[in-house]
Amino acid sequence: MTPARDFGIYIHWPFCKSKCPYCDFNSHVRAGIDEARWRRALMQELDRAADTLAGRHVASIFFGGGTPSLMAPATVAALIERIERRWGLDAAVEITLEANPTSVEAARFEDLRAAGVNRVSLGVQALEDRALRFLGRGHDAAQARAAVALAARIFTRYSFDLIYARPDQTVAAWEDELQAALTLAGDHLSVYQLTIEPGTAFAAAYARGDFALPDDEVQGALYETTQSVLERTGLAAYEISNHARPGAECRHNLVYWRYQDYLGIGPGAHGRLTQGEEKHATRNFRAPETWLQAVETKGAGSEETAPLSPAERRDEALMMGLRLAEGVRRDRFRAATGTDLTDAIDPLRLAPLIDAAFLVADDVGLRATAAGRQRLNAVLAALLG
């Protein structure tokens, strides 16, 4: 197995102004943050990684969170400059930063663009004020529209997120909201179904019966409406929840779904890095203060680094790749796992899924049909056991 030279870098900024009730990400609210201290620690992590990944090519950088648009643009610039100094960056590199569409954060867009960010992903989530209040968002629909319009003027590429299957949401109302979103959208749109994640404020509220989600039939109709409306307008789904015109896909997220290498920097960040014939999984300390102290006292914020077994690499490559419309290509699967795709899958598990029209296998690789992607968790359970 020959390791690819290209890799992505993910930088996690764990802080938010408030915690959204549906969110189970590693995000935290703090009264005060010593940003200079955090900047030093993040750069120290980059320097440490550069010593072991020398000679590799950085294809993408992604600032996620949390709310990385709360970072000072000078911090963003310093991190990009450090990456360029240690690895070099070419003009084609994709540098994405997640942002909330509040007026305060939108006011930083010009400075973030000057810092080197060339793609922004906005957490709009809804274009209805009532829905935004339910979702605990800190902006209203007018601010969201204004922020998207501003992003379109400033950044080379931009995208925004929407959440559907909200309480009492009808197919007709969702179709109207999608049409409104399309008047704002550029070449990329991310659309997620609301799920109740354990440990979130919504999980407790849902258990109390404070609200109900649409039933399975309505959820299925909302999903199908999403696919048909966006596909008709040229924003076909290249991944279960992500839609783009050809060539406008988020290149950093494709690194994950194609099971390529990526470096995780910051609290709770994960990574997958090929070293020799092995692929290693890395995981950083999740709690922000624990990670920061580990970097400052031990020189690294990693909690665990372990080689992945052939079975683990196979499972991860399939779980990620089958999310994509293109599926899992045979050449990429062999490069990532060292195994031929045909040899890695039990034919007795695969055949029924092909017969049911959930999967397609051919000379190119293995991919899920539209019906298979709609119920991918069940398909993967049947395929992998």
# chains A, B, ... in the order shown; residues from 1 in each chain; ligands from 1

call {"tool": "residues_around", "arguments": {"residues": "stretch 219-236 of chain A", "least_positions_apart": "4", "cutoff": "10 Å", "atoms": "only C-alpha atoms", "output": "MDAnalysis selection string"}}
result
chainID A and resid 164:166 169:175 178:179 182 185:189 191:194 213:215 240:246 248 325 370:371 374

call {"tool": "residues_around", "arguments": {"residues": "A:Thr96", "least_positions_apart": "4", "cutoff": "7 Å", "atoms": "only C-alpha atoms", "output": "MDAnalysis selection string"}}
result
chainID A and resid 61:63 117:121

call {"tool": "write_last_selection", "arguments": {"atoms": "C-alpha atoms", "output": "PDB file, in the first residue's frame"}}
result
ATOM      1  CA  ILE A  61      -7.802  23.116   5.507  1.00  0.00           C
ATOM      2  CA  PHE A  62     -11.058  23.185   7.460  1.00  0.00           C
ATOM      3  CA  PHE A  63     -11.745  25.333  10.523  1.00  0.00           C
ATOM      4  CA  VAL A 117     -10.088  31.745   3.939  1.00  0.00           C
ATOM      5  CA  ASN A 118     -11.534  31.110   0.475  1.00  0.00           C
ATOM      6  CA  ARG A 119     -14.650  29.131   1.371  1.00  0.00           C
ATOM      7  CA  VAL A 120     -17.180  29.739   4.126  1.00  0.00           C
ATOM      8  CA  SER A 121     -19.874  27.394   5.446  1.00  0.00           C
TER       9      SER A 121
END

call {"tool": "residues_around", "arguments": {"residues": "stretch 55-60 of chain A", "least_positions_apart": "4", "cutoff": "9 Å", "atoms": "only C-alpha atoms", "output": "number ranges by chain"}}
result
A: 4-10, 50, 83-84, 87-90, 92-96, 251-252, 255

call {"tool": "write_last_selection", "arguments": {"atoms": "C-alpha atoms", "output": "CSV table (one decimal), in the first residue's frame"}}
result
chain,number,residue,atom,x,y,z
A,4,ALA,CA,-0.9,9.2,-0.9
A,5,ARG,CA,0.9,12.5,-0.5
A,6,ASP,CA,-2.2,14.6,-0.2
A,7,PHE,CA,-3.9,15.1,3.1
A,8,GLY,CA,-6.3,17.5,4.8
A,9,ILE,CA,-6.0,19.5,8.0
A,10,TYR,CA,-8.9,19.9,10.4
A,50,ALA,CA,4.9,18.8,10.5
A,83,ILE,CA,0.8,25.6,7.7
A,84,GLU,CA,2.2,27.3,4.6
A,87,TRP,CA,4.2,22.4,4.3
A,88,GLY,CA,3.7,25.0,1.6
A,89,LEU,CA,0.4,25.8,0.0
A,90,ASP,CA,-0.6,26.2,-3.6
A,92,ALA,CA,-5.6,25.4,-5.5
A,93,VAL,CA,-5.8,24.7,-1.7
A,94,GLU,CA,-9.3,24.9,-0.3
A,95,ILE,CA,-9.6,26.7,3.1
A,96,THR,CA,-13.0,26.5,4.6
A,251,ARG,CA,-13.0,19.0,-1.2
A,252,HIS,CA,-12.1,18.7,2.5
A,255,VAL,CA,-11.1,13.6,2.0

call {"tool": "residues_around", "arguments": {"residues": "A:Glu239", "least_positions_apart": "6", "cutoff": "12 Å", "atoms": "only C-alpha atoms", "output": "list in words"}}
result
His188, Leu189, Ser190, Val191, Tyr192, Gln227, Glu249, Cys250, Asn253, Leu254, Tyr256, Trp257, Arg258, Met320, Gly321, Leu322, Arg323, Leu324, Ala325, Glu326, Gly327, Arg367, Ala368, Thr369, Ala370, Arg373, Gln374 and Leu376 of chain A

call {"tool": "write_last_selection", "arguments": {"atoms": "C-alpha atoms", "output": "PDB file, in the first residue's frame"}}
result
ATOM      1  CA  HIS A 188     -23.269  24.043  -2.671  1.00  0.00           C
ATOM      2  CA  LEU A 189     -25.960  23.377  -0.067  1.00  0.00           C
ATOM      3  CA  SER A 190     -25.970  21.048   2.968  1.00  0.00           C
ATOM      4  CA  VAL A 191     -29.323  19.715   4.160  1.00  0.00           C
ATOM      5  CA  TYR A 192     -29.599  17.594   7.306  1.00  0.00           C
ATOM      6  CA  GLN A 227     -33.611  15.250  -3.379  1.00  0.00           C
ATOM      7  CA  GLU A 249     -18.116  19.704  -3.868  1.00  0.00           C
ATOM      8  CA  CYS A 250     -16.441  20.430  -0.524  1.00  0.00           C
ATOM      9  CA  ASN A 253     -15.158  16.596   3.249  1.00  0.00           C
ATOM     10  CA  LEU A 254     -14.372  14.416   0.234  1.00  0.00           C
ATOM     11  CA  TYR A 256     -13.128  12.020   4.795  1.00  0.00           C
ATOM     12  CA  TRP A 257     -15.638  10.214   2.594  1.00  0.00           C
ATOM     13  CA  ARG A 258     -12.963   8.891   0.234  1.00  0.00           C
ATOM     14  CA  MET A 320     -17.631   6.582   4.669  1.00  0.00           C
ATOM     15  CA  GLY A 321     -17.540   5.834   0.960  1.00  0.00           C
ATOM     16  CA  LEU A 322     -21.072   4.490   0.623  1.00  0.00           C
ATOM     17  CA  ARG A 323     -22.354   7.874   1.759  1.00  0.00           C
ATOM     18  CA  LEU A 324     -21.180   9.240  -1.593  1.00  0.00           C
ATOM     19  CA  ALA A 325     -23.182   8.977  -4.806  1.00  0.00           C
ATOM     20  CA  GLU A 326     -19.959   7.822  -6.490  1.00  0.00           C
ATOM     21  CA  GLY A 327     -19.572   5.095  -3.869  1.00  0.00           C
ATOM     22  CA  ARG A 367     -22.112   2.234  -4.526  1.00  0.00           C
ATOM     23  CA  ALA A 368     -25.443   2.646  -2.816  1.00  0.00           C
ATOM     24  CA  THR A 369     -28.508   3.441  -4.890  1.00  0.00           C
ATOM     25  CA  ALA A 370     -30.743   6.358  -3.924  1.00  0.00           C
ATOM     26  CA  ARG A 373     -28.460   5.866   0.769  1.00  0.00           C
ATOM     27  CA  GLN A 374     -31.846   6.734   2.276  1.00  0.00           C
ATOM     28  CA  LEU A 376     -27.737   3.476   4.738  1.00  0.00           C
TER      29      LEU A 376
END

call {"tool": "closest_residue", "arguments": {"among": "A:Glu45, A:Glu197, A:Asp140, A:Asp176", "to": "A:Tyr22", "atoms": "only C-alpha atoms"}}
result
A:Glu197

call {"tool": "atom_distance", "arguments": {"atom1": "atom CA of A:Gly65", "atom2": "atom CA of A:Cys23"}}
result
11.0 Å

call {"tool": "closest_atom_pairs", "arguments": {"of": "stretch 42-116 of chain A", "to": "stretch 298-308 of chain A", "cutoff": "10 Å", "atoms": "only C-alpha atoms", "output": "JSON lines"}}
result
{"residue": "A:Leu42", "atom": "CA", "partner": "A:Gly301", "partner_atom": "CA", "distance": 9.5}
{"residue": "A:Gln44", "atom": "CA", "partner": "A:Gly299", "partner_atom": "CA", "distance": 7.6}
{"residue": "A:Glu45", "atom": "CA", "partner": "A:Ala300", "partner_atom": "CA", "distance": 6.4}
{"residue": "A:Leu46", "atom": "CA", "partner": "A:Ala300", "partner_atom": "CA", "distance": 9.9}
{"residue": "A:Arg48", "atom": "CA", "partner": "A:Ala300", "partner_atom": "CA", "distance": 7.7}
{"residue": "A:Ala49", "atom": "CA", "partner": "A:Ala300", "partner_atom": "CA", "distance": 9.5}

call {"tool": "closest_atom_pairs", "arguments": {"of": "stretch 155-219 of chain A", "to": "stretch 97-109 of chain A", "cutoff": "12 Å", "atoms": "only C-alpha atoms", "output": "CSV"}}
result
residue,atom,partner,partner_atom,distance
A:Phe155,CA,A:Phe109,CA,8.2
A:Thr156,CA,A:Phe109,CA,11.9
A:Arg157,CA,A:Leu97,CA,11.0
A:Tyr158,CA,A:Leu97,CA,9.6
A:Ser159,CA,A:Glu98,CA,9.5
A:Phe160,CA,A:Glu98,CA,9.2
A:Asp161,CA,A:Asn100,CA,10.2

call {"tool": "select_by_dssp", "arguments": {"residues": "stretch 266-331 of chain A", "states": "alpha helix (DSSP H)", "output": "list in words"}}
result
Pro288, Glu289, Thr290, Trp291, Leu292, Gln293, Ala294, Val295, Glu296, Thr297, Lys298, Pro310, Ala311, Glu312, Arg313, Arg314, Asp315, Glu316, Ala317, Leu318, Met319, Met320, Gly321, Arg330 and Asp331 of chain A

call {"tool": "write_last_selection", "arguments": {"atoms": "C-alpha atoms", "output": "PDB file, in the first residue's frame"}}
result
ATOM      1  CA  PRO A 288     -10.720  22.043  25.937  1.00  0.00           C
ATOM      2  CA  GLU A 289      -8.778  22.713  29.133  1.00  0.00           C
ATOM      3  CA  THR A 290      -7.448  19.139  29.259  1.00  0.00           C
ATOM      4  CA  TRP A 291      -6.214  19.386  25.674  1.00  0.00           C
ATOM      5  CA  LEU A 292      -4.644  22.804  26.277  1.00  0.00           C
ATOM      6  CA  GLN A 293      -2.817  21.650  29.386  1.00  0.00           C
ATOM      7  CA  ALA A 294      -1.551  18.524  27.626  1.00  0.00           C
ATOM      8  CA  VAL A 295      -0.101  20.586  24.770  1.00  0.00           C
ATOM      9  CA  GLU A 296       1.555  23.035  27.131  1.00  0.00           C
ATOM     10  CA  THR A 297       2.974  20.471  29.547  1.00  0.00           C
ATOM     11  CA  LYS A 298       3.573  17.387  27.383  1.00  0.00           C
ATOM     12  CA  PRO A 310      -7.375  -4.476   8.087  1.00  0.00           C
ATOM     13  CA  ALA A 311     -10.967  -5.131   9.184  1.00  0.00           C
ATOM     14  CA  GLU A 312     -11.240  -1.664  10.741  1.00  0.00           C
ATOM     15  CA  ARG A 313      -9.875  -0.026   7.603  1.00  0.00           C
ATOM     16  CA  ARG A 314     -12.328  -1.984   5.487  1.00  0.00           C
ATOM     17  CA  ASP A 315     -15.302  -1.037   7.657  1.00  0.00           C
ATOM     18  CA  GLU A 316     -14.354   2.635   7.813  1.00  0.00           C
ATOM     19  CA  ALA A 317     -13.736   2.876   4.065  1.00  0.00           C
ATOM     20  CA  LEU A 318     -17.140   1.344   3.338  1.00  0.00           C
ATOM     21  CA  MET A 319     -19.026   3.325   5.965  1.00  0.00           C
ATOM     22  CA  MET A 320     -17.631   6.582   4.669  1.00  0.00           C
ATOM     23  CA  GLY A 321     -17.540   5.834   0.960  1.00  0.00           C
ATOM     24  CA  ARG A 330     -11.879  -0.100  -6.281  1.00  0.00           C
ATOM     25  CA  ASP A 331      -8.589   1.754  -6.774  1.00  0.00           C
TER      26      ASP A 331
END

call {"tool": "residues_around", "arguments": {"residues": "A:Met71", "least_positions_apart": "4", "cutoff": "9 Å", "atoms": "only C-alpha atoms", "output": "PyMOL selection string"}}
result
chain A and resi 13+35+67+75-76

call {"tool": "write_last_selection", "arguments": {"atoms": "N, CA and C atoms", "output": "compact mmCIF listing (two decimals), in the first residue's frame"}}
result
# COMPACT_ATOMS: atom_id res chain seq x y z
N TRP A 13 -12.03 24.61 16.73
CA TRP A 13 -12.19 25.70 17.70
C TRP A 13 -13.43 25.36 18.52
N GLU A 35 -7.13 33.97 23.94
CA GLU A 35 -6.94 33.53 22.55
C GLU A 35 -5.47 33.42 22.18
N THR A 67 -17.58 27.31 17.02
CA THR A 67 -17.84 28.42 16.11
C THR A 67 -16.52 29.11 15.78
N THR A 75 -5.82 35.28 14.33
CA THR A 75 -5.50 33.90 14.71
C THR A 75 -5.63 32.98 13.52
N VAL A 76 -6.70 33.14 12.75
CA VAL A 76 -6.88 32.34 11.54
C VAL A 76 -5.70 32.55 10.60

call {"tool": "select_by_dssp", "arguments": {"residues": "stretch 63-158 of chain A", "states": "strand (DSSP E or B)", "output": "list in words"}}
result
Phe63, Gly64, Gly65, Glu94, Ile95, Thr96, Leu97, Glu98, Ala99, Arg119, Val120, Ser121, Leu122, Gly123, Val124, Gln125, Arg157 and Tyr158 of chain A

call {"tool": "write_last_selection", "arguments": {"atoms": "N, CA and C atoms", "output": "PDB file, in the first residue's frame"}}
result
ATOM      1  N   PHE A  63     -11.562  24.834   9.170  1.00  0.00           N
ATOM      2  CA  PHE A  63     -11.745  25.333  10.523  1.00  0.00           C
ATOM      3  C   PHE A  63     -13.174  25.008  10.957  1.00  0.00           C
ATOM      4  N   GLY A  64     -13.313  24.090  11.934  1.00  0.00           N
ATOM      5  CA  GLY A  64     -14.628  23.687  12.399  1.00  0.00           C
ATOM      6  C   GLY A  64     -14.779  23.913  13.882  1.00  0.00           C
ATOM      7  N   GLY A  65     -15.961  23.567  14.391  1.00  0.00           N
ATOM      8  CA  GLY A  65     -16.182  23.831  15.805  1.00  0.00           C
ATOM      9  C   GLY A  65     -17.384  23.114  16.370  1.00  0.00           C
ATOM     10  N   GLU A  94      -8.042  24.437  -0.780  1.00  0.00           N
ATOM     11  CA  GLU A  94      -9.348  24.862  -0.274  1.00  0.00           C
ATOM     12  C   GLU A  94      -9.224  25.141   1.221  1.00  0.00           C
ATOM     13  N   ILE A  95      -9.617  26.349   1.651  1.00  0.00           N
ATOM     14  CA  ILE A  95      -9.551  26.724   3.063  1.00  0.00           C
ATOM     15  C   ILE A  95     -10.950  27.163   3.489  1.00  0.00           C
ATOM     16  N   THR A  96     -11.621  26.296   4.238  1.00  0.00           N
ATOM     17  CA  THR A  96     -13.007  26.518   4.649  1.00  0.00           C
ATOM     18  C   THR A  96     -13.068  26.911   6.115  1.00  0.00           C
ATOM     19  N   LEU A  97     -13.989  27.790   6.441  1.00  0.00           N
ATOM     20  CA  LEU A  97     -14.246  28.164   7.837  1.00  0.00           C
ATOM     21  C   LEU A  97     -15.742  28.167   8.075  1.00  0.00           C
ATOM     22  N   GLU A  98     -16.168  27.511   9.159  1.00  0.00           N
ATOM     23  CA  GLU A  98     -17.578  27.516   9.531  1.00  0.00           C
ATOM     24  C   GLU A  98     -17.916  28.813  10.264  1.00  0.00           C
ATOM     25  N   ALA A  99     -19.105  29.348   9.990  1.00  0.00           N
ATOM     26  CA  ALA A  99     -19.504  30.611  10.603  1.00  0.00           C
ATOM     27  C   ALA A  99     -20.997  30.603  10.876  1.00  0.00           C
ATOM     28  N   ARG A 119     -13.333  29.778   1.404  1.00  0.00           N
ATOM     29  CA  ARG A 119     -14.650  29.131   1.371  1.00  0.00           C
ATOM     30  C   ARG A 119     -15.250  29.238   2.767  1.00  0.00           C
ATOM     31  N   VAL A 120     -16.515  29.614   2.839  1.00  0.00           N
ATOM     32  CA  VAL A 120     -17.180  29.739   4.126  1.00  0.00           C
ATOM     33  C   VAL A 120     -18.426  28.859   4.126  1.00  0.00           C
ATOM     34  N   SER A 121     -18.694  28.238   5.269  1.00  0.00           N
ATOM     35  CA  SER A 121     -19.874  27.394   5.446  1.00  0.00           C
ATOM     36  C   SER A 121     -20.705  27.981   6.578  1.00  0.00           C
ATOM     37  N   LEU A 122     -21.909  28.430   6.244  1.00  0.00           N
ATOM     38  CA  LEU A 122     -22.751  29.162   7.194  1.00  0.00           C
ATOM     39  C   LEU A 122     -23.811  28.251   7.816  1.00  0.00           C
ATOM     40  N   GLY A 123     -23.921  28.332   9.153  1.00  0.00           N
ATOM     41  CA  GLY A 123     -24.928  27.559   9.864  1.00  0.00           C
ATOM     42  C   GLY A 123     -26.269  28.277   9.895  1.00  0.00           C
ATOM     43  N   VAL A 124     -26.932  28.366   8.757  1.00  0.00           N
ATOM     44  CA  VAL A 124     -28.229  29.055   8.678  1.00  0.00           C
ATOM     45  C   VAL A 124     -29.299  28.244   9.400  1.00  0.00           C
ATOM     46  N   GLN A 125     -29.439  26.979   9.058  1.00  0.00           N
ATOM     47  CA  GLN A 125     -30.321  25.969   9.660  1.00  0.00           C
ATOM     48  C   GLN A 125     -31.804  26.125   9.320  1.00  0.00           C
ATOM     49  N   ARG A 157     -16.047  30.839  -2.769  1.00  0.00           N
ATOM     50  CA  ARG A 157     -17.034  29.750  -2.650  1.00  0.00           C
ATOM     51  C   ARG A 157     -17.711  29.857  -1.295  1.00  0.00           C
ATOM     52  N   TYR A 158     -18.990  29.500  -1.258  1.00  0.00           N
ATOM     53  CA  TYR A 158     -19.721  29.532   0.011  1.00  0.00           C
ATOM     54  C   TYR A 158     -20.809  28.475  -0.021  1.00  0.00           C
TER      55      TYR A 158
END

call {"tool": "atom_distance", "arguments": {"atom1": "atom CA of A:Asp362", "atom2": "atom CA of A:Val328"}}
result
10.6 Å
